[in-house]
>>> print(open('run-v8.cif').read())   # mmCIF, C-alpha atoms
data_target
loop_
_atom_site.label_atom_id
_atom_site.label_comp_id
_atom_site.auth_asym_id
_atom_site.auth_seq_id
_atom_site.Cartn_x
_atom_site.Cartn_y
_atom_site.Cartn_z
CA MET A 1 24.51 57.44 -11.45
CA GLN A 2 27.16 54.72 -11.67
CA LYS A 3 26.97 52.42 -14.67
CA GLY A 4 27.34 48.71 -14.01
CA ASN A 5 29.98 46.50 -15.52
CA PRO A 6 28.42 45.19 -18.78
CA TRP A 7 29.96 41.77 -18.20
CA LYS A 8 28.37 41.56 -14.74
CA VAL A 9 25.01 42.69 -16.16
CA TRP A 10 25.18 39.89 -18.74
CA MET A 11 26.08 37.34 -16.06
CA LYS A 12 23.04 38.41 -14.00
CA PHE A 13 20.87 38.12 -17.12
CA PHE A 14 22.20 34.60 -17.84
CA PHE A 15 21.65 33.66 -14.19
CA ALA A 16 18.00 34.82 -14.32
CA VAL A 17 17.44 32.93 -17.59
CA TYR A 18 19.09 29.84 -16.06
CA ILE A 19 16.84 29.97 -12.96
CA LEU A 20 13.74 30.26 -15.17
CA PHE A 21 15.01 27.36 -17.29
CA VAL A 22 15.47 25.16 -14.20
CA ILE A 23 12.01 25.99 -12.91
CA LYS A 24 10.49 25.21 -16.33
CA VAL A 25 12.41 21.94 -16.79
CA ILE A 26 11.91 20.60 -13.26
CA ILE A 27 8.62 21.98 -12.02
CA PHE A 28 6.62 22.91 -15.11
CA LYS A 29 7.87 20.08 -17.33
CA TYR A 30 4.38 18.91 -18.28
CA PRO A 31 2.08 20.56 -20.83
CA ILE A 32 -0.07 23.37 -19.40
CA GLU A 33 -3.25 21.29 -19.74
CA GLN A 34 -1.74 18.53 -17.61
CA LEU A 35 -0.55 21.06 -15.03
CA ARG A 36 -4.07 22.52 -14.85
CA ALA A 37 -5.50 19.03 -14.38
CA ILE A 38 -3.05 18.39 -11.54
CA ALA A 39 -3.88 21.76 -9.95
CA ASP A 40 -7.61 21.02 -10.24
CA THR A 41 -7.14 17.89 -8.12
CA TRP A 42 -5.26 19.66 -5.32
CA GLN A 43 -6.76 18.58 -2.06
CA ARG A 44 -5.44 17.33 1.22
CA SER A 45 -5.25 13.83 -0.26
CA VAL A 46 -2.83 15.04 -2.95
CA ILE A 47 -0.44 16.29 -0.29
CA LEU A 48 -0.74 13.03 1.62
CA GLU A 49 -0.16 11.10 -1.62
CA GLY A 50 2.99 13.15 -2.21
CA LEU A 51 4.23 12.25 1.25
CA GLY A 52 3.48 8.58 0.53
CA THR A 53 5.45 8.50 -2.73
CA ALA A 54 8.34 10.68 -1.55
CA ASN A 55 11.79 9.19 -1.08
CA PHE A 56 13.31 10.25 2.23
CA THR A 57 15.92 7.44 2.24
CA PRO A 58 19.35 8.56 1.03
CA PHE A 59 20.76 6.58 -1.91
CA LYS A 60 17.54 4.59 -2.45
CA THR A 61 16.88 6.00 -5.93
CA ILE A 62 20.57 6.06 -6.82
CA LYS A 63 20.88 2.35 -5.90
CA MET A 64 17.77 1.55 -7.94
CA TYR A 65 19.24 3.31 -10.98
CA ILE A 66 22.47 1.36 -10.60
CA VAL A 67 20.81 -2.04 -10.05
CA TYR A 68 18.35 -1.58 -12.92
CA ALA A 69 20.70 0.35 -15.21
CA HIS A 70 19.98 -2.05 -18.06
CA LYS A 71 16.22 -1.37 -17.84
CA LEU A 72 16.00 2.28 -16.86
CA ASN A 73 17.35 5.51 -18.30
CA SER A 74 19.72 5.62 -15.34
CA VAL A 75 22.60 7.51 -16.89
CA GLU A 76 20.29 10.24 -18.18
CA ASN A 77 18.59 10.65 -14.80
CA LEU A 78 21.73 10.58 -12.68
CA ALA A 79 23.79 12.75 -15.04
CA GLY A 80 20.85 15.07 -15.68
CA ASN A 81 20.36 15.73 -11.96
CA ILE A 82 24.03 16.67 -11.71
CA LEU A 83 24.48 18.59 -14.98
CA VAL A 84 21.39 20.77 -14.64
CA PHE A 85 22.75 22.27 -11.42
CA MET A 86 26.38 22.76 -12.44
CA PRO A 87 25.61 26.24 -13.84
CA LEU A 88 24.14 27.21 -10.45
CA GLY A 89 27.44 26.60 -8.67
CA PHE A 90 29.31 28.34 -11.48
CA LEU A 91 27.08 31.42 -11.78
CA ILE A 92 26.26 32.26 -8.14
CA PRO A 93 29.77 33.59 -7.36
CA PHE A 94 29.67 35.76 -10.48
CA VAL A 95 26.37 37.44 -9.65
CA SER A 96 26.84 37.90 -5.91
CA GLU A 97 29.99 39.24 -4.30
CA GLU A 98 28.69 38.08 -0.90
CA VAL A 99 28.33 34.47 -2.06
CA ARG A 100 31.76 33.48 -3.33
CA SER A 101 32.92 30.96 -0.75
CA PHE A 102 32.20 27.27 -1.18
CA PRO A 103 30.00 27.02 1.97
CA ALA A 104 27.96 30.07 0.92
CA VAL A 105 27.43 28.74 -2.61
CA MET A 106 26.47 25.31 -1.30
CA LEU A 107 24.03 26.78 1.24
CA ASN A 108 22.34 28.80 -1.51
CA ALA A 109 22.25 25.78 -3.83
CA PHE A 110 20.82 23.59 -1.06
CA VAL A 111 18.08 26.11 -0.22
CA PHE A 112 17.14 26.46 -3.92
CA VAL A 113 17.09 22.70 -4.50
CA LEU A 114 15.21 22.03 -1.26
CA GLY A 115 12.64 24.66 -2.27
CA ILE A 116 12.08 22.88 -5.58
CA GLU A 117 11.77 19.48 -3.90
CA MET A 118 9.37 20.83 -1.24
CA PHE A 119 7.24 22.40 -3.96
CA GLN A 120 7.13 19.05 -5.73
CA LEU A 121 6.23 17.30 -2.49
CA PHE A 122 3.22 19.51 -1.80
CA SER A 123 2.08 20.32 -5.32
CA ALA A 124 2.13 16.94 -7.15
CA PHE A 125 4.12 18.66 -9.94
CA GLY A 126 6.79 16.03 -9.43
CA ALA A 127 8.05 13.78 -6.67
CA PHE A 128 10.20 14.62 -3.67
CA ASP A 129 13.46 12.65 -3.65
CA VAL A 130 16.30 13.20 -1.20
CA ASP A 131 18.65 11.69 -3.78
CA ASP A 132 17.75 14.50 -6.17
CA ILE A 133 18.85 16.98 -3.49
CA MET A 134 22.19 15.19 -3.11
CA LEU A 135 22.79 14.90 -6.86
CA ASN A 136 21.72 18.51 -7.52
CA CYS A 137 24.03 19.78 -4.78
CA LEU A 138 26.85 17.62 -6.20
CA GLY A 139 26.24 19.34 -9.53
CA ALA A 140 26.39 22.76 -7.86
CA ALA A 141 29.65 21.74 -6.13
CA MET A 142 31.12 20.65 -9.46
CA GLY A 143 30.00 23.95 -11.00
CA TYR A 144 31.72 25.81 -8.17
CA GLY A 145 34.87 23.80 -8.90
CA CYS A 146 34.66 24.96 -12.52
CA TYR A 147 34.20 28.55 -11.30
CA LYS A 148 37.30 28.31 -9.09
CA ALA A 149 39.35 26.80 -11.94
CA ALA A 150 38.21 29.54 -14.34
CA TYR A 151 38.91 32.19 -11.71
CA LEU A 152 42.44 30.86 -11.12
CA VAL A 153 43.15 30.84 -14.87
CA TRP A 154 41.83 34.40 -15.16
CA CYS A 155 43.94 35.55 -12.18
CA ARG A 156 47.08 33.99 -13.66
CA GLN A 157 46.42 35.55 -17.05
CA ARG A 158 45.72 38.89 -15.42
CA ALA A 159 48.89 38.65 -13.30
CA GLY A 160 50.89 37.77 -16.43
CA ALA A 161 49.39 40.70 -18.31
CA LEU A 162 50.14 43.04 -15.42
CA ALA A 163 53.72 41.75 -15.19
CA GLY A 164 54.12 42.31 -18.94
CA GLU A 165 52.74 45.83 -18.61
CA MET A 166 55.10 46.57 -15.72
CA GLU A 167 58.07 45.26 -17.72
CA CYS A 168 57.04 47.47 -20.65
CA ILE A 169 56.72 50.51 -18.38
CA VAL A 170 60.12 49.83 -16.83
CA GLU A 171 61.71 49.44 -20.28
CA ARG A 172 60.10 52.63 -21.53
CA GLY A 173 61.21 54.46 -18.40
CA ALA A 174 64.76 53.21 -18.85
CA LYS A 175 64.84 54.35 -22.49
CA VAL A 176 63.46 57.76 -21.64
CA SER A 177 65.90 58.32 -18.78
CA GLY A 178 68.83 56.98 -20.78
CA VAL A 179 69.59 54.24 -18.28
CA ASN A 180 70.78 51.03 -19.87
CA GLU A 181 69.61 47.89 -18.27
CA VAL A 182 72.21 45.21 -17.62
CA ARG A 183 70.90 41.71 -18.05
#
>>> encode(input="run-v8.cif", output="structure tokens")
Amino acid sequence: MQKGNPWKVWMKFFFAVYILFVIKVIIFKYPIEQLRAIADTWQRSVILEGLGTANFTPFKTIKMYIVYAHKLNSVENLAGNILVFMPLGFLIPFVSEEVRSFPAVMLNAFVFVLGIEMFQLFSAFGAFDVDDIMLNCLGAAMGYGCYKAAYLVWCRQRAGALAGEMECIVERGAKVSGVNEVR
């Protein structure tokens, strides 16, 4: 049986904890008693009410937050929608070798975010907002940018370390063989 890379195992663990954290913070943000009360009222009218309060107009909520920035907690809402999903874009490429390209990461982020928003739409455990989808996906894209930057730094460090090792091997080989290197 092949043992997994401990670093990769930890990344998968952090990813699972992150996903549970997102679900808790976004979907199950209310106390359990309030969630039970919401679930007890689930009927067809609740779904229709969710459709009535949903925002399907792009930039509607974002514009509202900008216009009423002095009255609302705009910065917290806008930044929060972005920051909460940055780890998603950063972690997906680490946990899945098949999902390392930008389009693949964004597709996975979009499906995850859309799933959350659809759940909110039909469950009354929140409100569907197309702007949330855009902001969450922007956060995932920014997280992917951080992943790529970290990956490039790691590759450069690794290449430098390998070059240093090769230089050391060449020097040792020259000393052993008695060849003097001319510089």
>>> closest_residue(input="run-v8.cif", among="A:Met118, A:Val130, A:Ala124, A:Ile92", to="Tyr144 of chain A", atoms="all atoms listed in the file")
A:Ile92
>>> closest_residue(input="run-v8.cif", among="A:Tyr68, A:Tyr30, A:Phe122, A:Phe90", to="Lys148 of chain A", atoms="all atoms listed in the file")
A:Phe90
>>> resolve_selection(input="run-v8.cif", expression="the PyMOL selection byres ((chain A and resi 127) around 12)", output="PyMOL selection string")
chain A and resi 26-27+46-47+49-56+61+116-126+128-133
>>> resolve_selection(input="run-v8.cif", expression="the PyMOL selection byres ((chain A and resi 97-102) around 12)", output="ChimeraX atom specification")
/A:8,12,88-96,103-110,137,140-148,151
>>> write_last_selection(input="run-v8.cif", atoms="C-alpha atoms", output="PDB file, in the coordinates of the input")
ATOM      1  CA  LYS A   8      28.370  41.560 -14.740  1.00  0.00           C
ATOM      2  CA  LYS A  12      23.040  38.410 -14.000  1.00  0.00           C
ATOM      3  CA  LEU A  88      24.140  27.210 -10.450  1.00  0.00           C
ATOM      4  CA  GLY A  89      27.440  26.600  -8.670  1.00  0.00           C
ATOM      5  CA  PHE A  90      29.310  28.340 -11.480  1.00  0.00           C
ATOM      6  CA  LEU A  91      27.080  31.420 -11.780  1.00  0.00           C
ATOM      7  CA  ILE A  92      26.260  32.260  -8.140  1.00  0.00           C
ATOM      8  CA  PRO A  93      29.770  33.590  -7.360  1.00  0.00           C
ATOM      9  CA  PHE A  94      29.670  35.760 -10.480  1.00  0.00           C
ATOM     10  CA  VAL A  95      26.370  37.440  -9.650  1.00  0.00           C
ATOM     11  CA  SER A  96      26.840  37.900  -5.910  1.00  0.00           C
ATOM     12  CA  PRO A 103      30.000  27.020   1.970  1.00  0.00           C
ATOM     13  CA  ALA A 104      27.960  30.070   0.920  1.00  0.00           C
ATOM     14  CA  VAL A 105      27.430  28.740  -2.610  1.00  0.00           C
ATOM     15  CA  MET A 106      26.470  25.310  -1.300  1.00  0.00           C
ATOM     16  CA  LEU A 107      24.030  26.780   1.240  1.00  0.00           C
ATOM     17  CA  ASN A 108      22.340  28.800  -1.510  1.00  0.00           C
ATOM     18  CA  ALA A 109      22.250  25.780  -3.830  1.00  0.00           C
ATOM     19  CA  PHE A 110      20.820  23.590  -1.060  1.00  0.00           C
ATOM     20  CA  CYS A 137      24.030  19.780  -4.780  1.00  0.00           C
ATOM     21  CA  ALA A 140      26.390  22.760  -7.860  1.00  0.00           C
ATOM     22  CA  ALA A 141      29.650  21.740  -6.130  1.00  0.00           C
ATOM     23  CA  MET A 142      31.120  20.650  -9.460  1.00  0.00           C
ATOM     24  CA  GLY A 143      30.000  23.950 -11.000  1.00  0.00           C
ATOM     25  CA  TYR A 144      31.720  25.810  -8.170  1.00  0.00           C
ATOM     26  CA  GLY A 145      34.870  23.800  -8.900  1.00  0.00           C
ATOM     27  CA  CYS A 146      34.660  24.960 -12.520  1.00  0.00           C
ATOM     28  CA  TYR A 147      34.200  28.550 -11.300  1.00  0.00           C
ATOM     29  CA  LYS A 148      37.300  28.310  -9.090  1.00  0.00           C
ATOM     30  CA  TYR A 151      38.910  32.190 -11.710  1.00  0.00           C
TER      31      TYR A 151
END
>>> closest_residue(input="run-v8.cif", among="A:Glu33, A:Phe59, A:Pro87, A:Gly139", to="Phe21 of chain A", atoms="only C-alpha atoms")
A:Pro87
>>> atom_distance(input="run-v8.cif", atom1="atom CA of Val153 of chain A", atom2="atom CA of Val113 of chain A")
29.2 Å
>>> atom_distance(input="run-v8.cif", atom1="atom CA of Met86 of chain A", atom2="atom CA of Leu138 of chain A")
8.1 Å
>>> closest_residue(input="run-v8.cif", among="A:Phe15, A:Leu152, A:Leu78, A:Pro31", to="Met64 of chain A", atoms="only C-alpha atoms")
A:Leu78
>>> atom_distance(input="run-v8.cif", atom1="atom CA of Ile62 of chain A", atom2="atom CA of Leu114 of chain A")
17.7 Å
>>> closest_residue(input="run-v8.cif", among="A:Ala159, A:Met11, A:Val17, A:Val25", to="Val84 of chain A", atoms="only C-alpha atoms")
A:Val25
>>> axis_aligned_box(input="run-v8.cif", around="segment 14-26 of chain A", padding_each_side="5 Å", output="JSON")
{"center_x": 16.3, "center_y": 27.7, "center_z": -15.4, "size_x": 21.7, "size_y": 24.2, "size_z": 14.9}
